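One file, start04.cif, is given below (mmCIF, C-alpha atoms and all ligand atoms).
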```cif
data_my_file
loop_
_atom_site.label_atom_id
_atom_site.label_comp_id
_atom_site.auth_asym_id
_atom_site.auth_seq_id
_atom_site.Cartn_x
_atom_site.Cartn_y
_atom_site.Cartn_z
CA MET G 1 7.82 -21.05 -36.30
CA ASP G 2 10.88 -21.28 -34.06
CA ASN G 3 10.79 -20.20 -30.41
CA ASN G 4 12.17 -16.80 -31.21
CA GLU G 5 9.47 -16.11 -33.74
CA ASP G 6 6.83 -17.25 -31.26
CA TYR G 7 8.22 -14.94 -28.60
CA ASN G 8 8.26 -11.94 -30.94
CA LYS G 9 4.71 -12.61 -32.09
CA ASN G 10 3.49 -12.89 -28.50
CA LEU G 11 5.36 -9.76 -27.50
CA LEU G 12 3.81 -7.78 -30.36
CA GLU G 13 0.32 -8.85 -29.31
CA PHE G 14 1.08 -8.03 -25.65
CA GLU G 15 2.35 -4.57 -26.63
CA ARG G 16 -0.68 -3.99 -28.83
CA LYS G 17 -2.98 -4.69 -25.88
CA ILE G 18 -1.04 -2.37 -23.60
CA GLU G 19 -1.13 0.37 -26.25
CA ALA G 20 -4.89 -0.12 -26.77
CA GLU G 21 -5.57 0.05 -22.99
CA GLU G 22 -6.82 -3.56 -23.00
CA LYS G 23 -6.22 -5.35 -19.70
CA ILE G 24 -3.74 -8.22 -19.49
CA GLU G 25 -5.49 -11.19 -17.90
CA PRO G 26 -3.95 -14.15 -16.01
CA ARG G 27 -4.19 -16.61 -18.94
CA ASP G 28 -2.77 -14.13 -21.46
CA TRP G 29 0.81 -14.43 -22.57
CA MET G 30 3.06 -11.88 -20.84
CA PRO G 31 6.83 -11.30 -20.79
CA ASP G 32 8.49 -12.86 -17.78
CA GLU G 33 9.80 -9.44 -16.66
CA TYR G 34 6.22 -8.09 -16.59
CA ARG G 35 5.11 -11.05 -14.46
CA GLN G 36 8.07 -10.69 -12.06
CA HIS G 37 7.52 -6.93 -11.76
CA LEU G 38 3.89 -7.47 -10.78
CA ILE G 39 4.73 -10.30 -8.37
CA ARG G 40 7.13 -7.94 -6.57
CA GLN G 41 4.86 -4.90 -6.50
CA MET G 42 1.55 -6.64 -5.76
CA SER G 43 2.91 -8.86 -3.00
CA GLN G 44 4.64 -5.85 -1.45
CA HIS G 45 1.34 -4.01 -1.63
CA ALA G 46 -0.52 -6.94 0.01
CA HIS G 47 2.07 -7.20 2.80
CA SER G 48 1.71 -3.44 3.44
CA GLU G 49 -2.02 -3.78 3.97
CA VAL G 50 -1.57 -6.60 6.47
CA ILE G 51 1.44 -5.16 8.35
CA GLY G 52 -0.47 -1.84 8.36
CA MET G 53 -2.97 -3.42 10.76
CA GLN G 54 -0.36 -3.45 13.53
CA PRO G 55 0.23 0.24 14.32
CA GLU G 56 -3.53 0.82 14.39
CA GLY G 57 -4.24 -2.37 16.33
CA ASN G 58 -2.12 -0.85 19.07
CA TRP G 59 -4.98 1.60 19.83
CA VAL G 60 -8.07 -0.63 19.74
CA ASN G 61 -8.03 -1.11 23.52
CA ARG G 62 -7.43 2.57 24.16
CA ALA G 63 -9.89 4.19 21.73
CA PRO G 64 -11.53 7.12 23.55
CA SER G 65 -15.16 6.05 22.92
CA LEU G 66 -17.18 3.02 21.88
CA ARG G 67 -17.98 4.76 18.57
CA SER G 68 -14.31 5.38 17.75
CA LYS G 69 -13.39 1.84 18.81
CA LYS G 70 -16.03 0.32 16.49
CA ILE G 71 -14.88 2.46 13.57
CA LEU G 72 -11.23 1.62 14.18
CA ILE G 73 -11.93 -2.11 14.37
CA ALA G 74 -13.91 -1.91 11.10
CA LYS G 75 -11.05 -0.04 9.43
CA ILE G 76 -8.42 -2.55 10.57
CA GLN G 77 -10.62 -5.38 9.35
CA ASP G 78 -10.87 -3.63 5.97
CA GLU G 79 -7.07 -3.55 5.74
CA GLY G 80 -6.96 -7.31 6.30
CA GLY G 81 -9.55 -7.67 3.52
CA HIS G 82 -7.43 -5.50 1.20
CA GLY G 83 -4.49 -7.80 1.87
CA LEU G 84 -6.71 -10.74 0.94
CA TYR G 85 -7.87 -9.19 -2.39
CA LEU G 86 -4.27 -8.38 -3.24
CA TYR G 87 -2.81 -11.78 -2.33
CA SER G 88 -5.57 -13.43 -4.38
CA ALA G 89 -4.89 -11.14 -7.34
CA ALA G 90 -1.13 -11.78 -7.02
CA GLU G 91 -1.66 -15.55 -6.88
CA THR G 92 -3.08 -15.39 -10.42
CA LEU G 93 0.55 -14.78 -11.48
CA GLY G 94 1.46 -18.31 -10.43
CA VAL G 95 2.93 -17.80 -6.94
CA SER G 96 1.19 -19.20 -3.86
CA ARG G 97 0.24 -17.12 -0.86
CA ASP G 98 2.43 -19.35 1.33
CA GLN G 99 5.40 -18.41 -0.82
CA PHE G 100 4.61 -14.68 -0.56
CA VAL G 101 4.47 -14.94 3.22
CA LYS G 102 7.70 -16.97 3.28
CA TRP G 103 9.50 -14.23 1.29
CA LEU G 104 8.19 -11.63 3.73
CA HIS G 105 9.42 -13.60 6.74
CA GLU G 106 12.81 -14.17 5.13
CA GLY G 107 13.17 -10.43 4.55
CA LYS G 108 13.13 -10.94 0.75
CA ALA G 109 9.89 -8.97 0.22
CA LYS G 110 9.33 -5.42 1.35
CA TYR G 111 6.27 -3.66 2.75
CA SER G 112 5.57 0.05 2.95
CA SER G 113 8.14 2.06 4.93
CA ILE G 114 5.35 3.96 6.68
CA PHE G 115 4.39 1.07 8.95
CA ASN G 116 7.76 1.05 10.66
CA TYR G 117 6.90 4.12 12.73
CA PRO G 118 5.24 3.88 16.17
CA THR G 119 1.75 5.12 17.07
CA LEU G 120 2.38 7.12 20.25
CA SER G 121 -0.99 8.80 20.84
CA TRP G 122 -4.63 8.64 19.73
CA ALA G 123 -3.88 11.53 17.36
CA ASP G 124 -1.58 9.16 15.45
CA ILE G 125 -4.65 7.13 14.53
CA GLY G 126 -6.10 10.32 13.05
CA ALA G 127 -2.85 11.07 11.23
CA ILE G 128 -2.65 7.55 9.79
CA GLY G 129 -6.21 7.65 8.45
CA TRP G 130 -5.90 11.16 7.08
CA LEU G 131 -2.29 11.21 5.81
CA VAL G 132 -1.33 7.56 5.28
CA ASP G 133 -4.63 6.43 3.78
CA GLY G 134 -4.79 9.79 1.99
CA ALA G 135 -1.40 9.08 0.37
CA ALA G 136 -2.42 5.48 -0.34
CA ILE G 137 -5.58 6.67 -2.14
CA VAL G 138 -3.66 9.03 -4.41
CA ASN G 139 -1.43 6.14 -5.44
CA GLN G 140 -4.23 3.60 -5.67
CA VAL G 141 -6.64 5.76 -7.69
CA SER G 142 -3.89 5.89 -10.26
CA LEU G 143 -3.39 2.10 -10.00
CA CYS G 144 -7.08 1.51 -10.84
CA ARG G 145 -5.89 2.03 -14.43
CA THR G 146 -2.98 -0.39 -14.15
CA SER G 147 -2.62 -2.76 -17.10
CA TYR G 148 -3.01 -6.05 -15.17
CA GLY G 149 -6.73 -6.88 -14.90
CA PRO G 150 -6.91 -8.54 -11.45
CA TYR G 151 -4.76 -5.79 -9.86
CA SER G 152 -6.84 -3.05 -11.43
CA ARG G 153 -10.14 -4.58 -10.28
CA ALA G 154 -8.82 -5.08 -6.73
CA MET G 155 -7.81 -1.42 -6.68
CA VAL G 156 -11.28 -0.17 -7.63
CA ARG G 157 -12.78 -1.94 -4.64
CA ILE G 158 -9.99 -0.96 -2.26
CA CYS G 159 -10.21 2.73 -3.20
CA LYS G 160 -13.88 2.88 -2.22
CA GLU G 161 -13.02 1.66 1.26
CA GLU G 162 -9.91 3.82 1.58
CA SER G 163 -11.93 7.02 1.08
CA PHE G 164 -13.94 6.10 4.17
CA HIS G 165 -10.65 5.53 6.05
CA GLN G 166 -9.32 8.91 5.02
CA ARG G 167 -12.47 10.58 6.36
CA GLN G 168 -12.25 8.62 9.60
CA GLY G 169 -8.74 9.99 10.12
CA TYR G 170 -9.64 13.55 9.20
CA GLU G 171 -12.62 13.44 11.55
CA ILE G 172 -10.31 12.53 14.46
CA MET G 173 -7.96 15.39 13.54
CA CYS G 174 -10.91 17.84 13.28
CA ASP G 175 -12.25 16.75 16.68
CA MET G 176 -8.86 17.16 18.30
CA MET G 177 -8.28 20.58 16.73
CA ASN G 178 -11.68 21.65 18.06
CA GLY G 179 -10.82 20.30 21.51
CA THR G 180 -8.57 21.46 24.35
CA GLU G 181 -5.12 23.04 24.03
CA ASP G 182 -3.55 19.67 24.92
CA GLN G 183 -5.56 17.91 22.20
CA ARG G 184 -4.48 20.50 19.63
CA LYS G 185 -0.85 19.94 20.66
CA MET G 186 -1.26 16.16 20.28
CA ALA G 187 -2.73 16.60 16.79
CA GLN G 188 0.12 18.91 15.73
CA ASP G 189 2.69 16.52 17.19
CA ALA G 190 1.19 13.63 15.18
CA MET G 191 1.21 15.83 12.05
CA ASN G 192 4.89 16.66 12.66
CA ARG G 193 5.86 13.00 12.96
CA TRP G 194 3.73 11.55 10.11
CA TRP G 195 4.08 14.24 7.42
CA TRP G 196 7.54 13.36 6.12
CA PRO G 197 7.16 9.55 6.30
CA SER G 198 3.87 9.97 4.36
CA LEU G 199 5.74 11.77 1.58
CA MET G 200 8.25 8.89 1.53
CA MET G 201 5.44 6.40 0.82
CA PHE G 202 5.56 7.43 -2.85
CA GLY G 203 9.09 6.06 -3.17
CA PRO G 204 12.34 7.70 -4.31
CA THR G 205 12.39 10.65 -6.70
CA ASP G 206 11.81 9.82 -10.36
CA ASN G 207 15.55 10.16 -11.02
CA ASP G 208 16.36 7.58 -8.33
CA SER G 209 13.54 5.11 -8.99
CA PRO G 210 15.02 2.06 -10.78
CA ASN G 211 11.67 0.34 -11.41
CA SER G 212 9.67 3.27 -12.74
CA GLN G 213 10.73 3.36 -16.36
CA ARG G 214 9.68 -0.22 -17.06
CA ALA G 215 6.54 0.13 -14.94
CA MET G 216 5.44 3.19 -16.92
CA LYS G 217 6.24 1.58 -20.28
CA TRP G 218 3.99 -1.38 -19.45
CA LYS G 219 1.39 0.84 -17.77
CA ILE G 220 1.75 -1.00 -14.47
CA LYS G 221 2.30 2.44 -12.95
CA ARG G 222 0.33 5.24 -14.59
CA GLU G 223 1.96 8.23 -12.88
CA SER G 224 5.44 8.75 -11.53
CA ASN G 225 6.44 8.79 -7.84
CA ASP G 226 7.07 12.56 -7.90
CA LYS G 227 3.84 13.37 -9.70
CA LEU G 228 1.79 11.39 -7.17
CA ARG G 229 3.67 12.97 -4.26
CA GLN G 230 2.82 16.41 -5.66
CA LYS G 231 -0.84 15.46 -6.00
CA PHE G 232 -0.93 14.36 -2.36
CA ILE G 233 0.67 17.59 -1.12
CA TYR G 234 -1.73 19.67 -3.21
CA LYS G 235 -4.74 17.83 -1.80
CA THR G 236 -3.57 17.82 1.82
CA VAL G 237 -2.13 21.26 2.55
CA GLY G 238 -5.54 22.97 2.30
CA GLN G 239 -7.10 20.36 4.60
CA ALA G 240 -4.37 20.98 7.20
CA GLU G 241 -4.77 24.76 7.04
CA PHE G 242 -8.55 24.51 7.26
CA ILE G 243 -8.38 22.95 10.73
CA GLY G 244 -5.42 25.03 11.93
CA LEU G 245 -2.61 22.48 11.57
CA THR G 246 0.82 23.61 10.41
CA VAL G 247 2.64 21.54 7.79
CA PRO G 248 6.08 20.93 9.35
CA ASP G 249 8.03 22.23 6.36
CA PRO G 250 9.40 25.80 6.39
CA ASP G 251 10.17 25.51 2.66
CA LEU G 252 6.59 24.71 1.65
CA ASN G 253 5.46 27.40 -0.78
CA TRP G 254 2.80 27.69 -3.46
CA ASN G 255 4.48 28.08 -6.83
CA GLU G 256 2.04 30.04 -8.99
CA GLU G 257 3.88 29.44 -12.22
CA ALA G 258 4.19 25.66 -11.79
CA GLN G 259 0.75 25.45 -10.13
CA HIS G 260 2.11 23.20 -7.38
CA TYR G 261 3.72 23.40 -3.95
CA ASP G 262 7.49 23.59 -3.74
CA PHE G 263 8.57 21.69 -0.67
CA GLY G 264 11.67 20.97 1.43
CA GLU G 265 14.16 18.14 0.98
CA ILE G 266 12.95 14.70 2.07
CA ASP G 267 15.43 12.88 4.33
CA TRP G 268 16.29 10.09 1.89
CA ASN G 269 18.85 8.61 4.29
CA GLU G 270 16.03 7.94 6.71
CA PHE G 271 13.93 6.39 3.92
CA TYR G 272 16.69 4.01 2.82
CA GLU G 273 17.49 3.05 6.42
CA VAL G 274 13.82 2.16 6.98
CA ILE G 275 13.47 0.10 3.79
CA LYS G 276 16.69 -1.75 4.62
CA GLY G 277 15.02 -2.91 7.85
CA ARG G 278 16.56 -0.37 10.23
CA GLY G 279 13.52 1.81 11.01
CA PRO G 280 12.13 2.34 14.52
CA CYS G 281 9.70 -0.63 14.41
CA ASN G 282 10.86 -2.94 11.57
CA LYS G 283 12.00 -5.71 13.90
CA GLN G 284 8.84 -5.57 16.00
CA ARG G 285 6.51 -5.55 12.96
CA LEU G 286 8.11 -8.60 11.38
CA GLU G 287 8.36 -10.54 14.65
CA THR G 288 4.67 -9.87 15.38
CA HIS G 289 3.72 -11.07 11.90
CA ILE G 290 5.79 -14.26 12.20
CA LYS G 291 4.37 -15.00 15.67
CA SER G 292 0.73 -14.49 14.55
CA HIS G 293 1.37 -16.59 11.46
CA GLN G 294 2.71 -19.45 13.58
CA GLU G 295 -0.14 -19.15 16.06
CA GLY G 296 -2.62 -19.30 13.16
CA GLU G 297 -1.25 -22.60 11.85
CA TRP G 298 -4.10 -24.56 13.47
CA VAL G 299 -6.68 -22.43 11.60
CA ARG G 300 -5.03 -23.20 8.28
CA ASP G 301 -4.74 -26.90 9.20
CA THR G 302 -8.42 -26.99 10.12
CA ALA G 303 -9.45 -25.30 6.87
CA ARG G 304 -7.35 -27.76 4.85
CA GLU G 305 -8.80 -30.73 6.74
CA TYR G 306 -12.34 -29.38 6.25
CA ASN G 307 -11.71 -29.12 2.52
CA ARG G 308 -10.28 -32.64 2.38
CA LEU G 309 -13.32 -34.09 4.18
CA LYS G 310 -15.68 -32.14 1.92
CA GLN G 311 -14.02 -33.67 -1.15
CA GLU G 312 -14.30 -37.18 0.36
CA VAL G 313 -17.99 -36.74 1.13
CA LYS G 314 -18.53 -35.47 -2.42
CA LYS G 315 -16.80 -38.55 -3.86
CA GLU G 316 -18.95 -40.86 -1.73
CA LEU G 317 -22.13 -39.16 -2.89
CA VAL G 318 -21.27 -39.57 -6.59
N1 LIG Q 1 8.28 1.54 1.26
O1 LIG Q 1 11.91 1.96 -8.13
P1 LIG Q 1 10.96 2.33 -7.04
C1 LIG Q 1 -2.04 1.13 2.62
C2 LIG Q 1 11.28 0.39 -2.72
S1 LIG Q 1 -0.53 0.47 2.27
C3 LIG Q 1 9.09 0.45 1.07
O2 LIG Q 1 10.32 3.66 -7.11
P2 LIG Q 1 8.42 1.04 -7.48
C4 LIG Q 1 -2.53 1.15 3.98
C5 LIG Q 1 10.78 -0.33 -3.97
O3 LIG Q 1 10.04 -1.47 -3.63
C6 LIG Q 1 -0.01 1.25 0.82
N2 LIG Q 1 9.80 0.27 -0.06
O4 LIG Q 1 9.89 1.15 -6.88
C7 LIG Q 1 -2.60 -0.03 4.70
C8 LIG Q 1 12.10 -0.64 -4.63
O5 LIG Q 1 12.72 -1.75 -4.01
P3 LIG Q 1 12.65 -3.26 -4.66
C9 LIG Q 1 0.97 0.44 0.09
C10 LIG Q 1 9.68 1.20 -1.01
O6 LIG Q 1 7.88 -0.29 -7.16
C11 LIG Q 1 -3.01 -0.01 6.03
C12 LIG Q 1 12.96 0.56 -4.30
O7 LIG Q 1 12.40 1.14 -3.15
N3 LIG Q 1 0.87 0.83 -1.30
O8 LIG Q 1 -2.65 1.55 1.72
O9 LIG Q 1 8.43 1.46 -8.93
C13 LIG Q 1 -3.38 1.21 6.62
C14 LIG Q 1 13.00 1.59 -5.42
O10 LIG Q 1 11.70 2.19 -5.62
C15 LIG Q 1 8.86 2.33 -0.88
C16 LIG Q 1 1.52 0.23 -2.26
O11 LIG Q 1 2.29 -0.68 -2.03
C17 LIG Q 1 8.15 2.48 0.30
N4 LIG Q 1 7.36 3.55 0.54
O12 LIG Q 1 7.60 2.17 -6.70
C18 LIG Q 1 -3.32 2.37 5.86
C19 LIG Q 1 1.20 0.71 -3.66
N5 LIG Q 1 8.98 3.08 -2.02
O13 LIG Q 1 11.21 -3.71 -4.55
C20 LIG Q 1 -2.92 2.35 4.54
C21 LIG Q 1 1.77 -0.18 -4.73
C22 LIG Q 1 9.83 2.43 -2.81
O14 LIG Q 1 13.08 -3.10 -6.10
N6 LIG Q 1 3.17 0.04 -4.95
N7 LIG Q 1 10.27 1.32 -2.21
O15 LIG Q 1 13.59 -4.06 -3.80
C23 LIG Q 1 3.63 1.07 -5.67
O16 LIG Q 1 2.91 1.90 -6.20
C24 LIG Q 1 5.12 1.12 -5.90
O17 LIG Q 1 5.66 -0.16 -5.64
C25 LIG Q 1 5.84 2.19 -5.02
C26 LIG Q 1 7.37 2.08 -5.32
C27 LIG Q 1 5.37 3.58 -5.40
C28 LIG Q 1 5.65 1.95 -3.54
#
```

Write the structure described by the file as structure tokens, please.
Ligand code: BYC
Amino acid sequence: MDNNEDYNKNLLEFERKIEAEEKIEPRDWMPDEYRQHLIRQMSQHAHSEVIGMQPEGNWVNRAPSLRSKKILIAKIQDEGGHGLYLYSAAETLGVSRDQFVKWLHEGKAKYSSIFNYPTLSWADIGAIGWLVDGAAIVNQVSLCRTSYGPYSRAMVRICKEESFHQRQGYEIMCDMMNGTEDQRKMAQDAMNRWWWPSLMMFGPTDNDSPNSQRAMKWKIKRESNDKLRQKFIYKTVGQAEFIGLTVPDPDLNWNEEAQHYDFGEIDWNEFYEVIKGRGPCNKQRLETHIKSHQEGEWVRDTAREYNRLKQEVKKELV
């Protein structure tokens, strides 16, 4: 068989597995474009989890009670863990974690637009848990059925933890809406600032999403950006109304015929500015990550040295 014949045979088997809903595993043959697509998406996803620790970390010292501080610390730690699952899953595609981090620092890899907005009040911590984790769950529940085995398994575990995060955020919003007039105003202000960026998390509209077609064909993505955005709005509007929050969109209307909410125009200029690195906090987020990474060099050195010594001791014992 010549190379071309080999390739076609492998491709047929790969497509059969995708069609049959069998997972693609790290040692399986896969087209290079499939591998590259996953490397991009999974590393971006991992970076988002880790960069996402920063806006919340900003409030650990100012949490209003010991209980809320403990919960917030646990949540932030979970996000770091999610980054770890995702980097490990992405490494099975043949790229090292060092390389992923290098691409992030060089501005070659993205992370979610949402983490380039500031957290101005305690209510923002509620809004992040409720809206941002809420949006992340909608996306990630769908990704549990992604075709790449390690990604899909990481998602199952992550989703369990994200549902706790979403409740943590909603609890803060409920408490504030049941509090004083000033607290209600803070909650509404956070809702006003986080609503639209949360809708942007799902990416451009289906018509403007260059990666979607291939992702759907290979079942990397199981539902489109617009469909997931709709699901999030459907799930969230009732929760907002229930506690007396107003969704900051005068064009939001239930469409009986389509059985979904029609909503106003997303500011796509803002979205593209943020993903090009020109959002309110992009510079700060990346600089903080680079600084922490450099400061953590001694930990990595120590771990490497520990491993080297362990190997030496093992050799001596043999
Ligand atoms: N932000 O063709 P499209 C979390 C980029 S964190 C930045 O639709 P795709 C959490 C996109 O990369 C949740 N960039 O792309 C953590 C592409 O550019 P490139 C993170 C975005 O990949 C802590 C271009 O726009 N979740 O849970 O088919 C605390 C065109 O887009 C964004 C994930 O990462 C964005 N929002 O679809 C709390 C989920 N949207 O790469 C919570 C996994 C689009 O070609 N990722 N772009 O240069 C995905 O599901 C998909 O990658 C996306 C985008 C839906 C995000």

Notebook entry, point to check: With distances taken over all atoms listed in the file, which of G:Ile172, G:Val101, G:Ala135, G:Met186 is nearest to ligand LIG 1 (chain Q)?
Noted result: G:Ala135

Next item on the list: Please indicate the distance in Å from CA of Gly52 (chain G) to CA of Asn178 (chain G), rounded to one decimal place.
Entry: 27.8 Å

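At a cut-off of 9 Å from (0.2, 11.2, 10.0), the residue set is Ala123, Asp124, Ile125, Gly126, Ala127, Ile128, Gly129, Trp130, Leu131, Val132, Ala190, Met191, Asn192, Arg193, Trp194, Trp195, Trp196, Pro197 and Ser198 of chain G (counting all atoms listed in the file).
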
Write a file of the just-selected residues containing C-alpha atoms, as a CSV table (one decimal), in the coordinates of the input.
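Listing of result_6.csv after writing:
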```
chain,number,residue,atom,x,y,z
G,123,ALA,CA,-3.9,11.5,17.4
G,124,ASP,CA,-1.6,9.2,15.4
G,125,ILE,CA,-4.6,7.1,14.5
G,126,GLY,CA,-6.1,10.3,13.0
G,127,ALA,CA,-2.8,11.1,11.2
G,128,ILE,CA,-2.6,7.6,9.8
G,129,GLY,CA,-6.2,7.6,8.4
G,130,TRP,CA,-5.9,11.2,7.1
G,131,LEU,CA,-2.3,11.2,5.8
G,132,VAL,CA,-1.3,7.6,5.3
G,190,ALA,CA,1.2,13.6,15.2
G,191,MET,CA,1.2,15.8,12.0
G,192,ASN,CA,4.9,16.7,12.7
G,193,ARG,CA,5.9,13.0,13.0
G,194,TRP,CA,3.7,11.6,10.1
G,195,TRP,CA,4.1,14.2,7.4
G,196,TRP,CA,7.5,13.4,6.1
G,197,PRO,CA,7.2,9.6,6.3
G,198,SER,CA,3.9,10.0,4.4
```

Note to self: Counting only C-alpha atoms and all ligand atoms, what are the residues, protein, DNA or RNA alike, that approach ligand LIG 1 (chain Q) to within 7 Å? I want them as a ChimeraX atom specification.
What the structure shows: /G:40-42,44-45,48-50,52-53,79,110-114,128-129,132-133,136,139-140,200-204,209-212,215,221,225,275

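Near Arg16 (chain G), within a cut-off of 12 Å and counting all atoms listed in the file, sit the residues Lys9, Asn10, Glu22, Lys23, Ile24, Met30, Ser147 and Trp218 of chain G, with same-chain residues fewer than 6 positions away left out.
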
Notebook entry, point to check: Using all atoms listed in the file, which residues sit within 7 Å of region 238-248 of chain G once same-chain residues fewer than 4 positions away are excluded, as a PyMOL selection string?
Noted result: chain G and resi 174+177+188+192

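If all atoms listed in the file are the atoms counted, then among G:Ile158, G:Phe271, G:His165, G:Gly149 the closest residue to Thr205 (chain G) is G:Phe271.
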
Please identify all polymer residues within 12 Å of Gln99 (chain G), counting all atoms listed in the file, omitting same-chain residues fewer than 5 positions from it, and present them as a compact mmCIF listing (two decimals) with C-alpha atoms, in the coordinates of the input.
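Output file result_26.txt is given in full below:
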```
# COMPACT_ATOMS: atom_id res chain seq x y z
CA ILE G 39 4.73 -10.30 -8.37
CA SER G 43 2.91 -8.86 -3.00
CA TYR G 87 -2.81 -11.78 -2.33
CA ALA G 90 -1.13 -11.78 -7.02
CA GLU G 91 -1.66 -15.55 -6.88
CA GLY G 94 1.46 -18.31 -10.43
CA LEU G 104 8.19 -11.63 3.73
CA HIS G 105 9.42 -13.60 6.74
CA GLU G 106 12.81 -14.17 5.13
CA LYS G 108 13.13 -10.94 0.75
CA ALA G 109 9.89 -8.97 0.22
```
